[in-house]
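Some notes on the structure that comes next.
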Amino acid sequence: MGLTVSHLSKKYGNKTVLDDLSFDMRGPGVYALLGTNGAGKTTAIRMMLGMLSRDSGEVTWNGAPLDTATCNVGYLAEERGLYPKYNLMDQLVYFAQLRGVSRAEAKRRIRYWSSRLEVDEYLYPTKPARRSALSKSTGASATVALPSKKADQLSKGNQQKIQLMTALLPDPELIILDEPMSGLDPVNTDLFKAIIREEIAKGKYLIMSSHQMATVEEFCTDLTILNRSKTVLQGHLNDIKRGYGRINLSLKVEQDITPFIEQAGASILTEKEFEYQLRVSGESQANELLGALIAASVPVIRFDLREPSLHEIFVETVGAANEKE
Amino acid sequence: MKKSDLRGTKQVFSFTLVQYLKSRSTITMLVTMFLVSAICMVSLFMSAGSITEDITPENGLSRVLLTNNTSLDIKPEDIASSYPSPLDVSYEGDTFMEDEALVTISSADGQNFDIKISLSSDSIVTDYEVSRLTSAIDSAVTLARYRASGITDEQLSVALSHIYISDGDISDYLNTQSSSSTDELLDIDNGAFFILSYAYSIIVLILVMFSTSFIIQSIVEEKASKLVELLMVSVKPLALILGKILATMVFMAAALLALGAGMGLTTAVMSNFVDTSSVTSTLASSGIDLTLSLRLILTLPAVLISVVLGYLTFSLIGGVLGACCSKLEDIGAATGGVTFITLICYLLTTVGSTAGSRGFVIFCSLCPFVSVFSAPVAYLTGIIGFGMLCLSWLLQAVVIILVTMFCARVYGTLIIHRGNRIKLKALFAIARGKE
């Protein structure tokens, strides 16, 4: 069961914007939808959510067509916005009510998320009360609640927090995050990551589209890479990485070892002050190089053999696909 | 179009309406409408009050001294009854004051008559009162001439009773047969139609132009704020536009109520200070009398149905034109499109009422888009019957359904469109599913 996307295709005139996309999510976790700009990620998401008509294909949730009636979806769109001149609290209650959350429950959830996302000061602003004779004598300070701020009074990062809140308010089963961390500072990026981890721990299904491969790699278990509307790589991240093998070697020594590297047949990707990033064919080649260095009594400070990162897989896959075309 | 397409309309309606009522600019608009209507009524009553003041007996014509040098029996009471204000008319009198007039009626040959009105050198009697007096004396002399020919008062009453002439088609005839209780209410002349048509169509014009501009602005702002995608997860495009249209309709109704409240309140207050009867008599002289006012109240639901149908038609068009735009700079172009259509319809109605052509008025009453301006007044003044009005509603409803179906086809695509304003050709291509 879970989410199943089958043969989604879309054309605008003669231009294919999405070509036969299929994938499924059988259990909770994070599914990454990756691709270059214009590859068709956002189109795919819009088609999944029924915002765009499909030329072919279907999307089901637990066997039934995906719809807000069949699945509680939370969506953080790539193009983010809020009503600039409306009170934030009104907007959040409105978005929650559109998803069937009662006003009272919406207010309760807004209280929780405003605290979790550290935006209380904008949703529940206060000002010091005029000091009464009693407070003067007792020294006690009181505050008066003010209406919540308007969106255009918030920084971009704080607006993004409010937008994430709108996606999470209906307590969705399926959360779709399109470029969730773009434009966030490191502190807020960590806050968003923590919230995503919490949602994963709650057993939610997440689809994440991003250009920030390192961030996606932290969370995703399965992925699809799109290039020019076509699926160029798909599968379980660990399986994909395993398929590439351990081919990235990071080596730090105290002298020039270029002859050893050439002799072993490895290629140098980067080199800076005797710190090498090498591409090897596999573990045996790396071990052969290490053996040669030890035999020559070259002191090895660091030897780190690992699988390629998602970023490297992405660049290689997309590059190869473009070359083929 | 499915039922689920309308899910969320209620929430969009409530939110939009609440935001209208919270917005300073819209509140200012409501207050301004209230104040402007109140000020208009004050100025109307002040000017009417000044006319009344001019003709009060204290400083206007209060007495006429009559000298009859003819053989006719000219009765002073005939002159007094034909004069619109209380007037003392007598043959005798030894004074000649500043508020009196001396009228001498003479005839050299017994067939042609001379009427001479003399005023004192310090007279305060205005030309307007002299003209009304001349008309009253003319009527009294005419009556005296009839009597001199041997015609009795009863025969005169029968001979001079007013003749009302009206025309109508067979549907009107059948309608009046089925509702004979309203027969007498249908007797309203063209002057009333012209005035009502003019006043009503201006109200509708303002209503449509204001509301479509509100709707277009709201849609374009939503698109420009990049909110649409977020909203469309929860609500279908059709529900989004319908919610806005209904909220704007309620807000505009509130604005009209503010207008009415301003006028009503001012009338109530002013009637304690100035004589409002001249306003009533001015309207009555144009055919807008108590009977018509009563009919207006009775037909108010019919008028409201026409207005709501017309409003929906124009609003849906406004919604589509608004959704064609992505930038705030394009609002003017979208509003201009609706304004153009609205003005054409308004002008057609105005031409119809000015020309007084019955056929053209019926055409305007049946033609969708134009009928909102024309049909209610044509029905109110008896030019079309209830059957014709129902046909007009039916045609409007058909157009609304067609526009709604068109909306359902294109609105989803339009609402997430970004870039240049979509032209009409592209719009129809979207409707055909080719873009």
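Each chain in the structure tokens gets a letter, A, B, ..., in the order shown, and its residues are numbered from 1; ligands are numbered from 1 in order too.
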
List the neighbours of segment 20-30 of chain B out to 9 Å using only C-alpha atoms; skip same-chain residues closer than 2 positions along the sequence, and give me the result as an mmCIF file with all heavy atoms, in the first residue's frame.
```cif
data_model
loop_
_atom_site.group_PDB
_atom_site.id
_atom_site.type_symbol
_atom_site.label_atom_id
_atom_site.label_comp_id
_atom_site.auth_asym_id
_atom_site.auth_seq_id
_atom_site.Cartn_x
_atom_site.Cartn_y
_atom_site.Cartn_z
ATOM 1 N N TYR A 86 -2.323 40.466 5.465
ATOM 2 C CA TYR A 86 -3.277 39.881 6.410
ATOM 3 C C TYR A 86 -2.534 39.409 7.658
ATOM 4 O O TYR A 86 -1.381 38.990 7.596
ATOM 5 C CB TYR A 86 -4.030 38.704 5.786
ATOM 6 C CG TYR A 86 -4.927 39.040 4.618
ATOM 7 C CD1 TYR A 86 -5.477 38.033 3.824
ATOM 8 C CD2 TYR A 86 -5.253 40.352 4.288
ATOM 9 C CE1 TYR A 86 -6.314 38.326 2.749
ATOM 10 C CE2 TYR A 86 -6.083 40.646 3.219
ATOM 11 C CZ TYR A 86 -6.602 39.630 2.448
ATOM 12 O OH TYR A 86 -7.424 39.918 1.389
ATOM 13 N N PHE B 15 -13.357 33.639 5.037
ATOM 14 C CA PHE B 15 -12.062 34.307 5.177
ATOM 15 C C PHE B 15 -12.039 35.612 4.377
ATOM 16 O O PHE B 15 -11.620 36.656 4.884
ATOM 17 C CB PHE B 15 -10.948 33.361 4.699
ATOM 18 C CG PHE B 15 -9.568 33.960 4.783
ATOM 19 C CD1 PHE B 15 -8.948 34.134 6.004
ATOM 20 C CD2 PHE B 15 -8.896 34.355 3.640
ATOM 21 C CE1 PHE B 15 -7.673 34.686 6.090
ATOM 22 C CE2 PHE B 15 -7.629 34.909 3.709
ATOM 23 C CZ PHE B 15 -7.017 35.073 4.939
ATOM 24 N N THR B 16 -12.504 35.540 3.129
ATOM 25 C CA THR B 16 -12.475 36.732 2.266
ATOM 26 C C THR B 16 -13.336 37.840 2.870
ATOM 27 O O THR B 16 -12.921 39.007 2.924
ATOM 28 C CB THR B 16 -12.973 36.380 0.849
ATOM 29 O OG1 THR B 16 -12.310 35.209 0.411
ATOM 30 C CG2 THR B 16 -12.703 37.505 -0.134
ATOM 31 N N LEU B 17 -14.517 37.461 3.343
ATOM 32 C CA LEU B 17 -15.429 38.470 3.890
ATOM 33 C C LEU B 17 -14.839 39.115 5.156
ATOM 34 O O LEU B 17 -14.866 40.353 5.308
ATOM 35 C CB LEU B 17 -16.789 37.829 4.202
ATOM 36 C CG LEU B 17 -17.889 38.773 4.650
ATOM 37 C CD1 LEU B 17 -18.179 39.825 3.575
ATOM 38 C CD2 LEU B 17 -19.171 38.020 4.970
ATOM 39 N N VAL B 18 -14.285 38.255 6.013
ATOM 40 C CA VAL B 18 -13.688 38.790 7.255
ATOM 41 C C VAL B 18 -12.539 39.738 6.927
ATOM 42 O O VAL B 18 -12.407 40.804 7.536
ATOM 43 C CB VAL B 18 -13.220 37.621 8.168
ATOM 44 C CG1 VAL B 18 -12.336 38.122 9.291
ATOM 45 C CG2 VAL B 18 -14.428 36.883 8.738
ATOM 46 N N THR B 32 -17.462 56.085 3.975
ATOM 47 C CA THR B 32 -17.586 57.160 2.986
ATOM 48 C C THR B 32 -18.939 57.081 2.274
ATOM 49 O O THR B 32 -19.605 58.107 2.073
ATOM 50 C CB THR B 32 -16.440 57.069 1.954
ATOM 51 O OG1 THR B 32 -15.215 56.975 2.654
ATOM 52 C CG2 THR B 32 -16.413 58.275 1.042
ATOM 53 N N MET B 33 -19.337 55.868 1.913
ATOM 54 C CA MET B 33 -20.622 55.707 1.218
ATOM 55 C C MET B 33 -21.764 56.189 2.106
ATOM 56 O O MET B 33 -22.687 56.864 1.643
ATOM 57 C CB MET B 33 -20.834 54.249 0.818
ATOM 58 C CG MET B 33 -19.996 53.844 -0.364
ATOM 59 S SD MET B 33 -20.269 52.151 -0.854
ATOM 60 C CE MET B 33 -21.471 52.347 -2.145
ATOM 61 N N PHE B 34 -21.673 55.831 3.388
ATOM 62 C CA PHE B 34 -22.711 56.253 4.334
ATOM 63 C C PHE B 34 -22.761 57.785 4.405
ATOM 64 O O PHE B 34 -23.826 58.392 4.293
ATOM 65 C CB PHE B 34 -22.404 55.654 5.708
ATOM 66 C CG PHE B 34 -23.357 56.071 6.784
ATOM 67 C CD1 PHE B 34 -24.582 55.424 6.934
ATOM 68 C CD2 PHE B 34 -23.062 57.118 7.636
ATOM 69 C CE1 PHE B 34 -25.463 55.813 7.912
ATOM 70 C CE2 PHE B 34 -23.938 57.514 8.623
ATOM 71 C CZ PHE B 34 -25.147 56.858 8.762
ATOM 72 N N LEU B 35 -21.584 58.391 4.548
ATOM 73 C CA LEU B 35 -21.533 59.849 4.701
ATOM 74 C C LEU B 35 -21.970 60.563 3.420
ATOM 75 O O LEU B 35 -22.735 61.537 3.476
ATOM 76 C CB LEU B 35 -20.117 60.289 5.092
ATOM 77 C CG LEU B 35 -19.673 59.886 6.499
ATOM 78 C CD1 LEU B 35 -18.229 60.275 6.747
ATOM 79 C CD2 LEU B 35 -20.583 60.534 7.547
ATOM 80 N N ALA B 247 -18.370 36.278 -1.254
ATOM 81 C CA ALA B 247 -17.955 37.206 -0.182
ATOM 82 C C ALA B 247 -18.040 38.650 -0.682
ATOM 83 O O ALA B 247 -18.518 39.538 0.040
ATOM 84 C CB ALA B 247 -16.538 36.884 0.263
ATOM 85 N N THR B 248 -17.616 38.863 -1.913
ATOM 86 C CA THR B 248 -17.668 40.223 -2.474
ATOM 87 C C THR B 248 -19.118 40.668 -2.614
ATOM 88 O O THR B 248 -19.448 41.840 -2.376
ATOM 89 C CB THR B 248 -16.939 40.263 -3.840
ATOM 90 O OG1 THR B 248 -15.663 39.686 -3.679
ATOM 91 C CG2 THR B 248 -16.791 41.674 -4.347
ATOM 92 N N PHE B 251 -20.320 41.700 0.719
ATOM 93 C CA PHE B 251 -19.707 42.979 1.085
ATOM 94 C C PHE B 251 -20.359 44.131 0.326
ATOM 95 O O PHE B 251 -20.640 45.193 0.904
ATOM 96 C CB PHE B 251 -18.198 42.938 0.803
ATOM 97 C CG PHE B 251 -17.542 44.259 1.048
ATOM 98 C CD1 PHE B 251 -17.343 44.710 2.344
ATOM 99 C CD2 PHE B 251 -17.176 45.079 0.001
ATOM 100 C CE1 PHE B 251 -16.776 45.946 2.582
ATOM 101 C CE2 PHE B 251 -16.606 46.316 0.226
ATOM 102 C CZ PHE B 251 -16.409 46.752 1.520
ATOM 103 N N ALA B 254 -23.546 44.963 1.788
ATOM 104 C CA ALA B 254 -23.341 45.775 2.993
ATOM 105 C C ALA B 254 -23.083 47.234 2.604
ATOM 106 O O ALA B 254 -23.574 48.154 3.263
ATOM 107 C CB ALA B 254 -22.163 45.224 3.798
ATOM 108 N N ALA B 255 -22.340 47.411 1.510
ATOM 109 C CA ALA B 255 -22.055 48.785 1.052
ATOM 110 C C ALA B 255 -23.353 49.475 0.619
ATOM 111 O O ALA B 255 -23.582 50.651 0.941
ATOM 112 C CB ALA B 255 -21.061 48.740 -0.100
ATOM 113 N N LEU B 256 -24.220 48.724 -0.085
ATOM 114 C CA LEU B 256 -25.501 49.309 -0.512
ATOM 115 C C LEU B 256 -26.381 49.610 0.699
ATOM 116 O O LEU B 256 -27.097 50.615 0.722
ATOM 117 C CB LEU B 256 -26.225 48.364 -1.475
ATOM 118 C CG LEU B 256 -25.627 48.276 -2.885
ATOM 119 C CD1 LEU B 256 -26.407 47.287 -3.729
ATOM 120 C CD2 LEU B 256 -25.634 49.639 -3.575
ATOM 121 N N ALA B 258 -25.252 50.409 3.595
ATOM 122 C CA ALA B 258 -24.681 51.618 4.201
ATOM 123 C C ALA B 258 -25.214 52.847 3.469
ATOM 124 O O ALA B 258 -25.564 53.860 4.085
ATOM 125 C CB ALA B 258 -23.157 51.571 4.133
ATOM 126 N N LEU B 259 -25.291 52.706 2.146
ATOM 127 C CA LEU B 259 -25.812 53.799 1.320
ATOM 128 C C LEU B 259 -27.275 54.084 1.687
ATOM 129 O O LEU B 259 -27.675 55.231 1.917
ATOM 130 C CB LEU B 259 -25.710 53.376 -0.147
ATOM 131 C CG LEU B 259 -25.648 54.450 -1.201
ATOM 132 C CD1 LEU B 259 -24.301 55.128 -1.142
ATOM 133 C CD2 LEU B 259 -25.829 53.838 -2.578
#
```

Per residue of chain B within 12 Å of chain A, record the nearest atom pair and its distance in Å to one decimal, counting only C-alpha atoms, with rows in chain order and ascending residue number, as CSV.
```
residue,atom,partner,partner_atom,distance
B:Ser4,CA,A:Ala69,CA,9.1
B:Asp5,CA,A:Thr68,CA,11.7
B:Leu6,CA,A:Leu98,CA,11.9
B:Arg7,CA,A:Leu98,CA,8.8
B:Gly8,CA,A:Leu98,CA,5.9
B:Thr9,CA,A:Leu98,CA,9.0
B:Lys10,CA,A:Leu98,CA,9.1
B:Gln11,CA,A:Leu98,CA,6.2
B:Val12,CA,A:Leu98,CA,7.9
B:Phe13,CA,A:Tyr94,CA,10.6
B:Ser14,CA,A:Tyr94,CA,9.0
B:Phe15,CA,A:Tyr94,CA,6.6
B:Thr16,CA,A:Tyr94,CA,9.9
B:Val18,CA,A:Asp90,CA,9.3
B:Gln19,CA,A:Tyr86,CA,7.4
B:Tyr20,CA,A:Tyr86,CA,10.3
B:Leu21,CA,A:Tyr86,CA,11.8
B:Lys22,CA,A:Tyr86,CA,9.0
B:Ser23,CA,A:Tyr86,CA,8.7
B:Arg24,CA,A:Lys85,CA,11.0
B:Ser25,CA,A:Lys85,CA,11.9
B:Ser218,CA,A:Tyr83,CA,10.3
B:Ile219,CA,A:Tyr83,CA,11.4
B:Val220,CA,A:Tyr83,CA,11.6
B:Glu221,CA,A:Tyr83,CA,8.1
B:Glu222,CA,A:Tyr83,CA,7.1
B:Lys223,CA,A:Gly81,CA,9.2
B:Ala224,CA,A:Gly81,CA,8.6
B:Ser225,CA,A:Gly81,CA,5.2
B:Lys226,CA,A:Gly81,CA,4.7
B:Leu227,CA,A:Gly81,CA,4.8
B:Val228,CA,A:Gly81,CA,8.4
B:Glu229,CA,A:Ala77,CA,6.6
B:Leu230,CA,A:Ala77,CA,6.4
B:Leu231,CA,A:Phe95,CA,7.5
B:Met232,CA,A:Met51,CA,6.7
B:Val233,CA,A:Leu49,CA,6.6
B:Ser234,CA,A:Arg99,CA,5.8
B:Val235,CA,A:Leu98,CA,6.9
B:Lys236,CA,A:Met51,CA,8.6
B:Pro237,CA,A:Met51,CA,9.1
B:Ala239,CA,A:Leu98,CA,11.0
B:Leu240,CA,A:Leu98,CA,10.7
B:Gly243,CA,A:Leu98,CA,12.0
B:Arg409,CA,A:Ser53,CA,10.7
B:Val410,CA,A:Ser53,CA,11.3
B:Tyr411,CA,A:Met51,CA,10.8
B:Gly412,CA,A:Met51,CA,7.0
B:Thr413,CA,A:Leu52,CA,7.2
B:Leu414,CA,A:Leu52,CA,10.7
B:Ile415,CA,A:Met51,CA,9.6
B:Ile416,CA,A:Met51,CA,8.2
B:His417,CA,A:Leu52,CA,10.7
B:Arg418,CA,A:Glu79,CA,11.0
B:Ala429,CA,A:Gly13,CA,11.3
B:Ile430,CA,A:Tyr12,CA,11.0
B:Gly433,CA,A:Ser53,CA,9.9
B:Lys434,CA,A:Gly13,CA,7.3
B:Glu435,CA,A:Tyr12,CA,6.4
```

Review point. What's the 12 Å shell around Leu156 of chain B, counting only C-alpha atoms, without same-chain residues fewer than 2 positions away, as a PyMOL selection string?
Key: chain B and resi 142-154+158-162

Review point. Counting only C-alpha atoms, what is within 10 Å of Arg132 of chain B, bar same-chain residues fewer than 5 positions away, as a list in words?
Key: Ser82, Tyr83, Pro84, Ser85, Asp127, Ile137 and Asp138 of chain B

Check your understanding: Can you tell me how far atom CA of Pro186 of chain A sits from atom CA of Glu271 of chain A, in Å to one decimal?
Key ->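 Spanning atom CA of Pro186 of chain A to atom CA of Glu271 of chain A is a straight-line distance of 28.2 Å.
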
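For the residues A:Thr70, A:Gln234, A:Thr126, A:Gln160, ranking by smallest atom-to-atom distance to Pro172 of chain A using only C-alpha atoms places A:Thr70 first.
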
Point to revise | DSSP helix (DSSP H, G or I) residues within segment 70-254 of chain A, listed as JSON, numbers by chain | key: {"A": [88, 89, 90, 91, 92, 93, 94, 95, 96, 97, 98, 103, 104, 105, 106, 107, 108, 109, 110, 111, 112, 113, 114, 115, 116, 120, 121, 122, 123, 133, 134, 135, 136, 137, 138, 151, 152, 153, 156, 157, 158, 159, 160, 161, 162, 163, 164, 165, 166, 167, 168, 186, 187, 188, 189, 190, 191, 192, 193, 194, 195, 196, 197, 198, 199, 200, 201, 213, 214, 215, 216, 217, 218, 219, 237, 238, 239, 240, 241, 242, 243, 244]}

Exercise for review: Could you give me, as a ChimeraX atom specification, the residues within 8 Å of segment 193-208 of chain A, counting only C-alpha atoms and dropping anything in the same chain fewer than 5 positions from it?
Suggested key: /A:25,27-33,172-180,216,219

Review point. So which bits of segment 132-300 of chain A end up strand (DSSP E) when you DSSP the backbone, as a ChimeraX atom specification?
Key: /A:143-145,174-178,205-209,222-227,230-236,248-253,267-272,275-279,300

**Study point:** Residues within 8 Å of Val232 of chain A, only C-alpha atoms, excluding chain neighbours under 3 positions, as an MDAnalysis selection string
**Key:** chainID A and resid 224:227 317:318 321

Exercise for review: Give the answer as one residue: which of B:Gly318, B:Gly382, B:Gly352, B:Pro76 has the shortest atom-to-atom distance to Ile215 of chain B, using only C-alpha atoms?
Suggested key: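 Of B:Gly318, B:Gly382, B:Gly352, B:Pro76, the one nearest Ile215 of chain B is B:Gly318, counting only C-alpha atoms.
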